[in-house]
Amino acid sequence: MSEAAGPTAIYDAGDIYDAIYNGRGKDYRAESAVVAKHIRSRFPAAASLLDVGCGTGGHLTHFAEEFGDVRGIDLADGMLDVARRNHPGIPVERGDMRTFRLGRRFDAVACLFAAVGNLTGEDELRSTLRSFAHHLAPGGVAVLEPWWFPENFTPDHVGGSVVTHGGMTVARVSHTVLHDTGDASRMDVHYLVAKPGQEVRHFDDTHVMALYGRAQYEAAFAEAGFTVEYVTGEYPGNGLFVGVKPVNQEGE
């Protein structure tokens with residue numbers, strides 16, 4: 001087994017990331033439909049969407065069927081490389097959710113798969129929501145999938161899966177604990193990756209994810225000028241925050 005042959009982080013390995021979540025049956029189409037429904041219910045004429053933290057583009061391809069003008073940003077080049085290859089008709093580019101500036105506005109912004117958990121501290125959460133507001137037209141909608149809250153986070157959780165997808169078999173084992181800081185989770189993950197004709201590769205990765213509370217999310221939305229609603233029961237995981245930028249708010 002070759003240790004050196006593997007990547008050092010899952011976000012550097014878009015192909016492996018895709019194999020894991022597609023192999024586990026993540027329903028990007030159904031998730032995108034729920035997000036689009038919430039956007040349409042608040043902004044029926046929405047025609048453009050920005051996917052922040054778009055990853056390999058699993059949601060983007062379905063958003064493109066609903067909205068005529070779709071674009072994505074992500075901070076990881078390994079994810080963007082796969083998004084560009086798999087969805088060549090959808091523009092994606094490197095961008096930091098805290099500070100990005102694209103020089104235009106959208107009718108909707110989506111930030112899914114708990115990408116916001118990669119932030120640190122309330123200042124970064126607030127700057128991210130301000131970036132969303134800056135890129136929204138008046139009346140525009142921001143949909144954000146949170147990571148777990150402190151009150152519903154399950155420490156000492158062990159997860160595992162073995163999937164085969166696209167000729168690649170990936171075994172993934174994770175262990176998640178409360179981070180030493182007390183305001184984040186720490187997930188240590190090990191991967192074994194095998195393809196015919198190649199050595200089995202192993203790498204491990206650590207994800208530190210902020211455990212913002214519901215009140216912190218709502219305060220960040222409010223500070224950025226949004227009205228906000230927290231909705232549960234339709235979307236897997238920890239629900240969705242849906243914020244609306246007032247029609248009389250022009251932004252920066």
# chains A, B, ... in the order shown; residues from 1 in each chain; ligands from 1
>>> select_by_dssp(residues="region 161-209 of chain A", states="strand (DSSP E)", output="JSON list (two decimals) with all heavy atoms, in the first residue's frame")
[["chain", "number", "residue", "atom", "x", "y", "z"],
["A", 161, "SER", "N", -18.11, 3.92, 5.52],
["A", 161, "SER", "CA", -18.76, 3.49, 4.29],
["A", 161, "SER", "C", -17.73, 2.89, 3.36],
["A", 161, "SER", "O", -16.54, 3.22, 3.42],
["A", 161, "SER", "CB", -19.48, 4.65, 3.61],
["A", 161, "SER", "OG", -18.55, 5.64, 3.19],
["A", 162, "VAL", "N", -18.21, 1.99, 2.50],
["A", 162, "VAL", "CA", -17.40, 1.48, 1.39],
["A", 162, "VAL", "C", -18.27, 1.59, 0.14],
["A", 162, "VAL", "O", -19.39, 1.07, 0.11],
["A", 162, "VAL", "CB", -16.98, 0.01, 1.61],
["A", 162, "VAL", "CG1", -16.16, -0.47, 0.40],
["A", 162, "VAL", "CG2", -16.17, -0.14, 2.89],
["A", 163, "VAL", "N", -17.78, 2.29, -0.87],
["A", 163, "VAL", "CA", -18.56, 2.49, -2.09],
["A", 163, "VAL", "C", -17.69, 2.19, -3.30],
["A", 163, "VAL", "O", -16.46, 2.29, -3.24],
["A", 163, "VAL", "CB", -19.10, 3.94, -2.20],
["A", 163, "VAL", "CG1", -19.97, 4.29, -1.00],
["A", 163, "VAL", "CG2", -17.96, 4.94, -2.35],
["A", 164, "THR", "N", -18.34, 1.84, -4.38],
["A", 164, "THR", "CA", -17.68, 1.71, -5.68],
["A", 164, "THR", "C", -18.44, 2.57, -6.68],
["A", 164, "THR", "O", -19.66, 2.45, -6.81],
["A", 164, "THR", "CB", -17.65, 0.25, -6.15],
["A", 164, "THR", "OG1", -16.91, -0.54, -5.21],
["A", 164, "THR", "CG2", -16.99, 0.15, -7.52],
["A", 165, "HIS", "N", -17.71, 3.45, -7.33],
["A", 165, "HIS", "CA", -18.34, 4.37, -8.28],
["A", 165, "HIS", "C", -17.32, 4.75, -9.34],
["A", 165, "HIS", "O", -16.18, 5.09, -9.03],
["A", 165, "HIS", "CB", -18.83, 5.63, -7.55],
["A", 165, "HIS", "CG", -19.53, 6.61, -8.44],
["A", 165, "HIS", "ND1", -20.85, 6.47, -8.82],
["A", 165, "HIS", "CD2", -19.08, 7.75, -9.04],
["A", 165, "HIS", "CE1", -21.19, 7.47, -9.60],
["A", 165, "HIS", "NE2", -20.14, 8.26, -9.75],
["A", 168, "MET", "N", -13.88, 3.14, -9.21],
["A", 168, "MET", "CA", -13.07, 3.40, -8.03],
["A", 168, "MET", "C", -13.79, 2.89, -6.79],
["A", 168, "MET", "O", -14.99, 3.12, -6.63],
["A", 168, "MET", "CB", -12.81, 4.92, -7.90],
["A", 168, "MET", "CG", -11.98, 5.32, -6.69],
["A", 168, "MET", "SD", -11.93, 7.14, -6.49],
["A", 168, "MET", "CE", -11.27, 7.66, -8.08],
["A", 169, "THR", "N", -13.08, 2.20, -5.91],
["A", 169, "THR", "CA", -13.63, 1.77, -4.63],
["A", 169, "THR", "C", -12.97, 2.58, -3.52],
["A", 169, "THR", "O", -11.74, 2.69, -3.47],
["A", 169, "THR", "CB", -13.41, 0.27, -4.40],
["A", 169, "THR", "OG1", -14.12, -0.47, -5.40],
["A", 169, "THR", "CG2", -13.93, -0.17, -3.03],
["A", 170, "VAL", "N", -13.81, 3.15, -2.66],
["A", 170, "VAL", "CA", -13.31, 4.01, -1.58],
["A", 170, "VAL", "C", -13.91, 3.55, -0.25],
["A", 170, "VAL", "O", -15.13, 3.43, -0.12],
["A", 170, "VAL", "CB", -13.68, 5.49, -1.81],
["A", 170, "VAL", "CG1", -13.05, 6.36, -0.71],
["A", 170, "VAL", "CG2", -13.24, 5.96, -3.19],
["A", 171, "ALA", "N", -13.04, 3.29, 0.71],
["A", 171, "ALA", "CA", -13.46, 3.04, 2.09],
["A", 171, "ALA", "C", -13.16, 4.29, 2.91],
["A", 171, "ALA", "O", -12.06, 4.86, 2.81],
["A", 171, "ALA", "CB", -12.73, 1.84, 2.68],
["A", 172, "ARG", "N", -14.15, 4.72, 3.67],
["A", 172, "ARG", "CA", -14.01, 5.96, 4.47],
["A", 172, "ARG", "C", -14.45, 5.68, 5.90],
["A", 172, "ARG", "O", -15.54, 5.16, 6.12],
["A", 172, "ARG", "CB", -14.88, 7.07, 3.88],
["A", 172, "ARG", "CG", -14.87, 8.39, 4.64],
["A", 172, "ARG", "CD", -15.89, 9.35, 4.03],
["A", 172, "ARG", "NE", -15.89, 10.66, 4.64],
["A", 172, "ARG", "CZ", -16.60, 10.97, 5.74],
["A", 172, "ARG", "NH1", -17.37, 10.06, 6.32],
["A", 172, "ARG", "NH2", -16.56, 12.21, 6.24],
["A", 173, "VAL", "N", -13.61, 6.01, 6.87],
["A", 173, "VAL", "CA", -13.95, 5.87, 8.28],
["A", 173, "VAL", "C", -13.66, 7.20, 8.97],
["A", 173, "VAL", "O", -12.58, 7.78, 8.80],
["A", 173, "VAL", "CB", -13.14, 4.75, 8.96],
["A", 173, "VAL", "CG1", -13.44, 4.70, 10.46],
["A", 173, "VAL", "CG2", -13.45, 3.40, 8.32],
["A", 174, "SER", "N", -14.64, 7.70, 9.72],
["A", 174, "SER", "CA", -14.48, 8.99, 10.39],
["A", 174, "SER", "C", -14.78, 8.87, 11.88],
["A", 174, "SER", "O", -15.57, 8.02, 12.31],
["A", 174, "SER", "CB", -15.42, 10.04, 9.77],
["A", 174, "SER", "OG", -16.78, 9.69, 9.99],
["A", 175, "HIS", "N", -14.14, 9.74, 12.66],
["A", 175, "HIS", "CA", -14.40, 9.85, 14.10],
["A", 175, "HIS", "C", -14.49, 11.33, 14.43],
["A", 175, "HIS", "O", -13.55, 12.09, 14.15],
["A", 175, "HIS", "CB", -13.27, 9.19, 14.90],
["A", 175, "HIS", "CG", -13.49, 9.23, 16.37],
["A", 175, "HIS", "ND1", -12.45, 9.35, 17.28],
["A", 175, "HIS", "CD2", -14.64, 9.17, 17.12],
["A", 175, "HIS", "CE1", -12.94, 9.36, 18.51],
["A", 175, "HIS", "NE2", -14.26, 9.25, 18.44],
["A", 176, "THR", "N", -15.62, 11.75, 14.98],
["A", 176, "THR", "CA", -15.87, 13.17, 15.23],
["A", 176, "THR", "C", -16.00, 13.42, 16.73],
["A", 176, "THR", "O", -16.77, 12.74, 17.42],
["A", 176, "THR", "CB", -17.15, 13.64, 14.53],
["A", 176, "THR", "OG1", -17.08, 13.29, 13.15],
["A", 176, "THR", "CG2", -17.30, 15.15, 14.65],
["A", 177, "VAL", "N", -15.25, 14.39, 17.22],
["A", 177, "VAL", "CA", -15.26, 14.75, 18.64],
["A", 177, "VAL", "C", -15.42, 16.26, 18.76],
["A", 177, "VAL", "O", -15.33, 17.00, 17.77],
["A", 177, "VAL", "CB", -13.97, 14.30, 19.34],
["A", 177, "VAL", "CG1", -13.82, 12.78, 19.28],
["A", 177, "VAL", "CG2", -12.74, 14.98, 18.73],
["A", 178, "LEU", "N", -15.66, 16.73, 19.97],
["A", 178, "LEU", "CA", -15.68, 18.16, 20.23],
["A", 178, "LEU", "C", -14.24, 18.67, 20.23],
["A", 178, "LEU", "O", -13.36, 18.11, 20.89],
["A", 178, "LEU", "CB", -16.34, 18.45, 21.58],
["A", 178, "LEU", "CG", -16.55, 19.93, 21.93],
["A", 178, "LEU", "CD1", -17.55, 20.57, 20.99],
["A", 178, "LEU", "CD2", -17.03, 20.05, 23.38],
["A", 184, "ALA", "N", -16.24, 24.08, 18.17],
["A", 184, "ALA", "CA", -16.11, 23.44, 16.86],
["A", 184, "ALA", "C", -16.06, 21.93, 17.04],
["A", 184, "ALA", "O", -15.76, 21.42, 18.12],
["A", 184, "ALA", "CB", -14.85, 23.93, 16.14],
["A", 185, "SER", "N", -16.36, 21.22, 15.96],
["A", 185, "SER", "CA", -16.16, 19.78, 15.93],
["A", 185, "SER", "C", -14.85, 19.48, 15.23],
["A", 185, "SER", "O", -14.38, 20.25, 14.39],
["A", 185, "SER", "CB", -17.32, 19.09, 15.20],
["A", 185, "SER", "OG", -17.38, 19.51, 13.85],
["A", 186, "ARG", "N", -14.27, 18.34, 15.58],
["A", 186, "ARG", "CA", -13.05, 17.88, 14.90],
["A", 186, "ARG", "C", -13.32, 16.47, 14.37],
["A", 186, "ARG", "O", -13.61, 15.55, 15.15],
["A", 186, "ARG", "CB", -11.86, 17.85, 15.85],
["A", 186, "ARG", "CG", -10.59, 17.25, 15.23],
["A", 186, "ARG", "CD", -9.51, 17.00, 16.25],
["A", 186, "ARG", "NE", -8.44, 16.20, 15.68],
["A", 186, "ARG", "CZ", -7.27, 16.69, 15.27],
["A", 186, "ARG", "NH1", -7.03, 17.98, 15.36],
["A", 186, "ARG", "NH2", -6.36, 15.88, 14.75],
["A", 187, "MET", "N", -13.27, 16.33, 13.05],
["A", 187, "MET", "CA", -13.51, 15.05, 12.41],
["A", 187, "MET", "C", -12.21, 14.55, 11.78],
["A", 187, "MET", "O", -11.66, 15.17, 10.87],
["A", 187, "MET", "CB", -14.60, 15.18, 11.34],
["A", 187, "MET", "CG", -14.91, 13.87, 10.62],
["A", 187, "MET", "SD", -16.00, 14.11, 9.16],
["A", 187, "MET", "CE", -17.43, 14.87, 9.92],
["A", 188, "ASP", "N", -11.71, 13.43, 12.27],
["A", 188, "ASP", "CA", -10.55, 12.77, 11.68],
["A", 188, "ASP", "C", -11.06, 11.68, 10.74],
["A", 188, "ASP", "O", -11.88, 10.84, 11.16],
["A", 188, "ASP", "CB", -9.65, 12.18, 12.75],
["A", 188, "ASP", "CG", -9.03, 13.25, 13.63],
["A", 188, "ASP", "OD1", -8.47, 14.21, 13.09],
["A", 188, "ASP", "OD2", -9.12, 13.13, 14.86],
["A", 189, "VAL", "N", -10.59, 11.69, 9.50],
["A", 189, "VAL", "CA", -11.11, 10.78, 8.48],
["A", 189, "VAL", "C", -9.94, 10.04, 7.82],
["A", 189, "VAL", "O", -8.92, 10.64, 7.50],
["A", 189, "VAL", "CB", -11.90, 11.54, 7.40],
["A", 189, "VAL", "CG1", -12.66, 10.55, 6.51],
["A", 189, "VAL", "CG2", -12.85, 12.55, 8.00],
["A", 190, "HIS", "N", -10.13, 8.73, 7.63],
["A", 190, "HIS", "CA", -9.16, 7.92, 6.91],
["A", 190, "HIS", "C", -9.82, 7.37, 5.65],
["A", 190, "HIS", "O", -10.98, 6.96, 5.67],
["A", 190, "HIS", "CB", -8.65, 6.77, 7.78],
["A", 190, "HIS", "CG", -7.71, 7.22, 8.85],
["A", 190, "HIS", "ND1", -6.35, 7.10, 8.75],
["A", 190, "HIS", "CD2", -7.96, 7.82, 10.06],
["A", 190, "HIS", "CE1", -5.78, 7.60, 9.84],
["A", 190, "HIS", "NE2", -6.73, 8.04, 10.65],
["A", 191, "TYR", "N", -9.04, 7.34, 4.56],
["A", 191, "TYR", "CA", -9.54, 6.88, 3.26],
["A", 191, "TYR", "C", -8.61, 5.80, 2.71],
["A", 191, "TYR", "O", -7.38, 5.93, 2.79],
["A", 191, "TYR", "CB", -9.56, 8.04, 2.25],
["A", 191, "TYR", "CG", -10.36, 9.24, 2.66],
["A", 191, "TYR", "CD1", -9.78, 10.27, 3.40],
["A", 191, "TYR", "CD2", -11.70, 9.38, 2.29],
["A", 191, "TYR", "CE1", -10.51, 11.38, 3.77],
["A", 191, "TYR", "CE2", -12.43, 10.51, 2.64],
["A", 191, "TYR", "CZ", -11.83, 11.51, 3.40],
["A", 191, "TYR", "OH", -12.55, 12.62, 3.76],
["A", 192, "LEU", "N", -9.21, 4.77, 2.15],
["A", 192, "LEU", "CA", -8.51, 3.79, 1.32],
["A", 192, "LEU", "C", -9.13, 3.86, -0.07],
["A", 192, "LEU", "O", -10.36, 3.79, -0.20],
["A", 192, "LEU", "CB", -8.64, 2.38, 1.88],
["A", 192, "LEU", "CG", -7.85, 2.05, 3.16],
["A", 192, "LEU", "CD1", -8.25, 0.68, 3.67],
["A", 192, "LEU", "CD2", -6.35, 2.11, 2.89],
["A", 193, "VAL", "N", -8.30, 4.00, -1.07],
["A", 193, "VAL", "CA", -8.78, 4.20, -2.44],
["A", 193, "VAL", "C", -8.14, 3.14, -3.34],
["A", 193, "VAL", "O", -6.90, 3.00, -3.36],
["A", 193, "VAL", "CB", -8.42, 5.60, -2.96],
["A", 193, "VAL", "CG1", -8.98, 5.82, -4.36],
["A", 193, "VAL", "CG2", -8.92, 6.67, -2.00],
["A", 194, "ALA", "N", -8.98, 2.40, -4.07],
["A", 194, "ALA", "CA", -8.46, 1.34, -4.93],
["A", 194, "ALA", "C", -9.08, 1.41, -6.32],
["A", 194, "ALA", "O", -10.27, 1.66, -6.46],
["A", 194, "ALA", "CB", -8.76, -0.03, -4.31],
["A", 201, "ARG", "N", -4.28, 3.16, -2.27],
["A", 201, "ARG", "CA", -3.77, 4.40, -1.68],
["A", 201, "ARG", "C", -4.47, 4.68, -0.36],
["A", 201, "ARG", "O", -5.66, 4.40, -0.21],
["A", 201, "ARG", "CB", -3.99, 5.59, -2.62],
["A", 201, "ARG", "CG", -3.23, 5.49, -3.93],
["A", 201, "ARG", "CD", -3.54, 6.68, -4.82],
["A", 201, "ARG", "NE", -4.92, 6.65, -5.32],
["A", 201, "ARG", "CZ", -5.56, 7.70, -5.80],
["A", 201, "ARG", "NH1", -4.97, 8.89, -5.82],
["A", 201, "ARG", "NH2", -6.78, 7.59, -6.26],
["A", 202, "HIS", "N", -3.74, 5.25, 0.57],
["A", 202, "HIS", "CA", -4.30, 5.66, 1.86],
["A", 202, "HIS", "C", -3.93, 7.11, 2.14],
["A", 202, "HIS", "O", -2.81, 7.54, 1.85],
["A", 202, "HIS", "CB", -3.77, 4.79, 3.01],
["A", 202, "HIS", "CG", -4.07, 5.37, 4.36],
["A", 202, "HIS", "ND1", -3.16, 6.09, 5.09],
["A", 202, "HIS", "CD2", -5.22, 5.35, 5.09],
["A", 202, "HIS", "CE1", -3.72, 6.49, 6.23],
["A", 202, "HIS", "NE2", -4.96, 6.06, 6.25],
["A", 203, "PHE", "N", -4.90, 7.86, 2.64],
["A", 203, "PHE", "CA", -4.58, 9.18, 3.18],
["A", 203, "PHE", "C", -5.57, 9.51, 4.28],
["A", 203, "PHE", "O", -6.62, 8.87, 4.41],
["A", 203, "PHE", "CB", -4.56, 10.27, 2.10],
["A", 203, "PHE", "CG", -5.90, 10.60, 1.49],
["A", 203, "PHE", "CD1", -6.60, 11.73, 1.88],
["A", 203, "PHE", "CD2", -6.44, 9.80, 0.49],
["A", 203, "PHE", "CE1", -7.81, 12.06, 1.29],
["A", 203, "PHE", "CE2", -7.65, 10.12, -0.11],
["A", 203, "PHE", "CZ", -8.34, 11.25, 0.30],
["A", 204, "ASP", "N", -5.20, 10.44, 5.12],
["A", 204, "ASP", "CA", -6.10, 10.87, 6.18],
["A", 204, "ASP", "C", -6.23, 12.39, 6.15],
["A", 204, "ASP", "O", -5.40, 13.09, 5.58],
["A", 204, "ASP", "CB", -5.63, 10.39, 7.56],
["A", 204, "ASP", "CG", -4.21, 10.84, 7.87],
["A", 204, "ASP", "OD1", -4.03, 12.01, 8.26],
["A", 204, "ASP", "OD2", -3.28, 10.02, 7.74],
["A", 205, "ASP", "N", -7.29, 12.86, 6.76],
["A", 205, "ASP", "CA", -7.65, 14.27, 6.67],
["A", 205, "ASP", "C", -8.34, 14.66, 7.97],
["A", 205, "ASP", "O", -8.97, 13.81, 8.63],
["A", 205, "ASP", "CB", -8.59, 14.46, 5.48],
["A", 205, "ASP", "CG", -8.68, 15.89, 5.00],
["A", 205, "ASP", "OD1", -8.01, 16.76, 5.58],
["A", 205, "ASP", "OD2", -9.44, 16.13, 4.05],
["A", 206, "THR", "N", -8.25, 15.91, 8.34],
["A", 206, "THR", "CA", -8.93, 16.41, 9.54],
["A", 206, "THR", "C", -9.77, 17.62, 9.16],
["A", 206, "THR", "O", -9.28, 18.54, 8.48],
["A", 206, "THR", "CB", -7.93, 16.80, 10.63],
["A", 206, "THR", "OG1", -7.21, 15.63, 11.04],
["A", 206, "THR", "CG2", -8.64, 17.39, 11.85],
["A", 207, "HIS", "N", -11.03, 17.61, 9.59],
["A", 207, "HIS", "CA", -11.94, 18.72, 9.33],
["A", 207, "HIS", "C", -12.34, 19.34, 10.66],
["A", 207, "HIS", "O", -12.94, 18.65, 11.50],
["A", 207, "HIS", "CB", -13.20, 18.25, 8.61],
["A", 207, "HIS", "CG", -12.93, 17.58, 7.31],
["A", 207, "HIS", "ND1", -12.85, 18.26, 6.11],
["A", 207, "HIS", "CD2", -12.71, 16.28, 7.01],
["A", 207, "HIS", "CE1", -12.59, 17.41, 5.14],
["A", 207, "HIS", "NE2", -12.51, 16.21, 5.66],
["A", 208, "VAL", "N", -12.03, 20.61, 10.85],
["A", 208, "VAL", "CA", -12.51, 21.35, 12.01],
["A", 208, "VAL", "C", -13.65, 22.23, 11.53],
["A", 208, "VAL", "O", -13.47, 23.09, 10.66],
["A", 208, "VAL", "CB", -11.38, 22.19, 12.64],
["A", 208, "VAL", "CG1", -11.92, 23.04, 13.79],
["A", 208, "VAL", "CG2", -10.25, 21.29, 13.12],
["A", 209, "MET", "N", -14.84, 22.02, 12.10],
["A", 209, "MET", "CA", -16.06, 22.68, 11.63],
["A", 209, "MET", "C", -16.68, 23.47, 12.77],
["A", 209, "MET", "O", -16.95, 22.92, 13.85],
["A", 209, "MET", "CB", -17.06, 21.65, 11.11],
["A", 209, "MET", "CG", -16.53, 20.75, 10.00],
["A", 209, "MET", "SD", -16.56, 21.55, 8.40],
["A", 209, "MET", "CE", -18.29, 21.40, 7.98]]
>>> select_by_dssp(residues="region 36-229 of chain A", states="alpha helix (DSSP H)", output="PyMOL selection string")
chain A and resi 36-42+60-66+77-86+121-134+214-223
>>> closest_residue(among="A:Leu125, A:Ala110, A:Val200, A:Leu240", to="Ala224 (chain A)", atoms="only C-alpha atoms")
A:Leu125
>>> residues_around(residues="Asn152 (chain A)", least_positions_apart="2", cutoff="10 Å", atoms="only C-alpha atoms", output="PyMOL selection string")
chain A and resi 148-150+154-155+211+213+238
>>> write_last_selection(atoms="N, CA, C and O atoms", output="JSON list (two decimals), in the first residue's frame")
[["chain", "number", "residue", "atom", "x", "y", "z"],
["A", 148, "TRP", "N", -23.87, 21.33, 12.21],
["A", 148, "TRP", "CA", -24.67, 21.10, 13.42],
["A", 148, "TRP", "C", -24.55, 22.25, 14.40],
["A", 148, "TRP", "O", -23.55, 22.97, 14.43],
["A", 149, "PHE", "N", -25.58, 22.43, 15.22],
["A", 149, "PHE", "CA", -25.56, 23.39, 16.32],
["A", 149, "PHE", "C", -24.92, 22.73, 17.55],
["A", 149, "PHE", "O", -24.92, 21.49, 17.65],
["A", 150, "PRO", "N", -24.43, 23.51, 18.50],
["A", 150, "PRO", "CA", -23.89, 22.90, 19.72],
["A", 150, "PRO", "C", -24.87, 21.97, 20.42],
["A", 150, "PRO", "O", -24.49, 20.94, 20.98],
["A", 154, "THR", "N", -23.46, 15.53, 17.88],
["A", 154, "THR", "CA", -23.24, 14.25, 18.57],
["A", 154, "THR", "C", -21.75, 13.97, 18.65],
["A", 154, "THR", "O", -21.12, 13.55, 17.67],
["A", 155, "PRO", "N", -21.12, 14.21, 19.82],
["A", 155, "PRO", "CA", -19.68, 13.95, 19.94],
["A", 155, "PRO", "C", -19.39, 12.45, 19.98],
["A", 155, "PRO", "O", -20.25, 11.64, 20.29],
["A", 211, "LEU", "N", -19.13, 25.12, 15.28],
["A", 211, "LEU", "CA", -20.45, 24.79, 15.83],
["A", 211, "LEU", "C", -21.17, 26.09, 16.19],
["A", 211, "LEU", "O", -21.35, 26.43, 17.36],
["A", 213, "GLY", "N", -24.34, 28.38, 16.80],
["A", 213, "GLY", "CA", -25.71, 28.15, 17.24],
["A", 213, "GLY", "C", -26.70, 28.81, 16.31],
["A", 213, "GLY", "O", -26.36, 29.70, 15.52],
["A", 238, "ASN", "N", -29.24, 19.32, 8.93],
["A", 238, "ASN", "CA", -29.65, 20.24, 9.99],
["A", 238, "ASN", "C", -30.53, 21.38, 9.48],
["A", 238, "ASN", "O", -30.48, 22.50, 10.00]]
>>> residues_around(residues="region 27-37 of chain A", least_positions_apart="5", cutoff="12 Å", atoms="only C-alpha atoms", output="PyMOL selection string")
chain A and resi 18+21-22+42-49+51+54+56-67+107-113+141-145+231-237+239-243
>>> atom_distance(atom1="CA of Pro91 (chain A)", atom2="CA of Gly72 (chain A)")
6.5 Å
>>> atom_distance(atom1="CA of Ala133 (chain A)", atom2="CA of Asp81 (chain A)")
27.2 Å
>>> atom_distance(atom1="CA of Val92 (chain A)", atom2="CA of Asp69 (chain A)")
12.1 Å
>>> closest_residue(among="A:Gly166, A:Gly139, A:Gly95, A:Gly103", to="Asp15 (chain A)", atoms="only C-alpha atoms")
A:Gly166
>>> decode(residues="region 21-27 of chain A", atoms="all heavy atoms", output="CSV table (one decimal), in the first residue's frame")
chain,number,residue,atom,x,y,z
A,21,TYR,N,-19.6,10.4,-2.4
A,21,TYR,CA,-21.0,10.9,-2.2
A,21,TYR,C,-22.0,10.4,-3.3
A,21,TYR,O,-23.1,10.2,-3.0
A,21,TYR,CB,-21.0,12.5,-2.1
A,21,TYR,CG,-20.3,12.9,-0.8
A,21,TYR,CD1,-19.0,13.4,-0.8
A,21,TYR,CD2,-20.9,12.6,0.4
A,21,TYR,CE1,-18.4,13.7,0.4
A,21,TYR,CE2,-20.3,12.9,1.6
A,21,TYR,CZ,-19.0,13.5,1.6
A,21,TYR,OH,-18.4,13.7,2.8
A,22,ASN,N,-21.5,10.3,-4.5
A,22,ASN,CA,-22.4,9.6,-5.5
A,22,ASN,C,-22.6,8.2,-5.2
A,22,ASN,O,-23.7,7.6,-5.3
A,22,ASN,CB,-21.8,9.8,-6.9
A,22,ASN,CG,-22.0,11.2,-7.4
A,22,ASN,OD1,-23.2,11.7,-7.5
A,22,ASN,ND2,-21.0,11.9,-7.8
A,23,GLY,N,-21.5,7.5,-4.7
A,23,GLY,CA,-21.7,6.1,-4.3
A,23,GLY,C,-22.6,5.9,-3.1
A,23,GLY,O,-23.2,4.8,-3.0
A,24,ARG,N,-22.6,6.9,-2.3
A,24,ARG,CA,-23.5,6.8,-1.1
A,24,ARG,C,-24.9,7.2,-1.4
A,24,ARG,O,-25.8,7.2,-0.5
A,24,ARG,CB,-22.9,7.6,0.1
A,24,ARG,CG,-21.7,7.0,0.7
A,24,ARG,CD,-20.9,7.9,1.6
A,24,ARG,NE,-21.7,8.4,2.7
A,24,ARG,CZ,-21.2,9.2,3.7
A,24,ARG,NH1,-19.9,9.6,3.6
A,24,ARG,NH2,-22.0,9.6,4.6
A,25,GLY,N,-25.1,7.7,-2.6
A,25,GLY,CA,-26.5,8.0,-3.0
A,25,GLY,C,-26.9,9.4,-2.6
A,25,GLY,O,-28.1,9.7,-2.5
A,26,LYS,N,-26.0,10.4,-2.4
A,26,LYS,CA,-26.4,11.7,-2.1
A,26,LYS,C,-27.3,12.2,-3.2
A,26,LYS,O,-26.9,12.2,-4.4
A,26,LYS,CB,-25.2,12.6,-1.9
A,26,LYS,CG,-25.6,14.1,-1.6
A,26,LYS,CD,-24.4,14.9,-1.2
A,26,LYS,CE,-24.7,16.3,-0.9
A,26,LYS,NZ,-25.6,16.5,0.3
A,27,ASP,N,-28.5,12.7,-2.9
A,27,ASP,CA,-29.5,13.1,-3.9
A,27,ASP,C,-29.4,14.6,-4.2
A,27,ASP,O,-30.2,15.4,-3.7
A,27,ASP,CB,-30.9,12.7,-3.4
A,27,ASP,CG,-31.9,12.6,-4.5
A,27,ASP,OD1,-31.7,13.3,-5.6
A,27,ASP,OD2,-33.0,12.0,-4.4
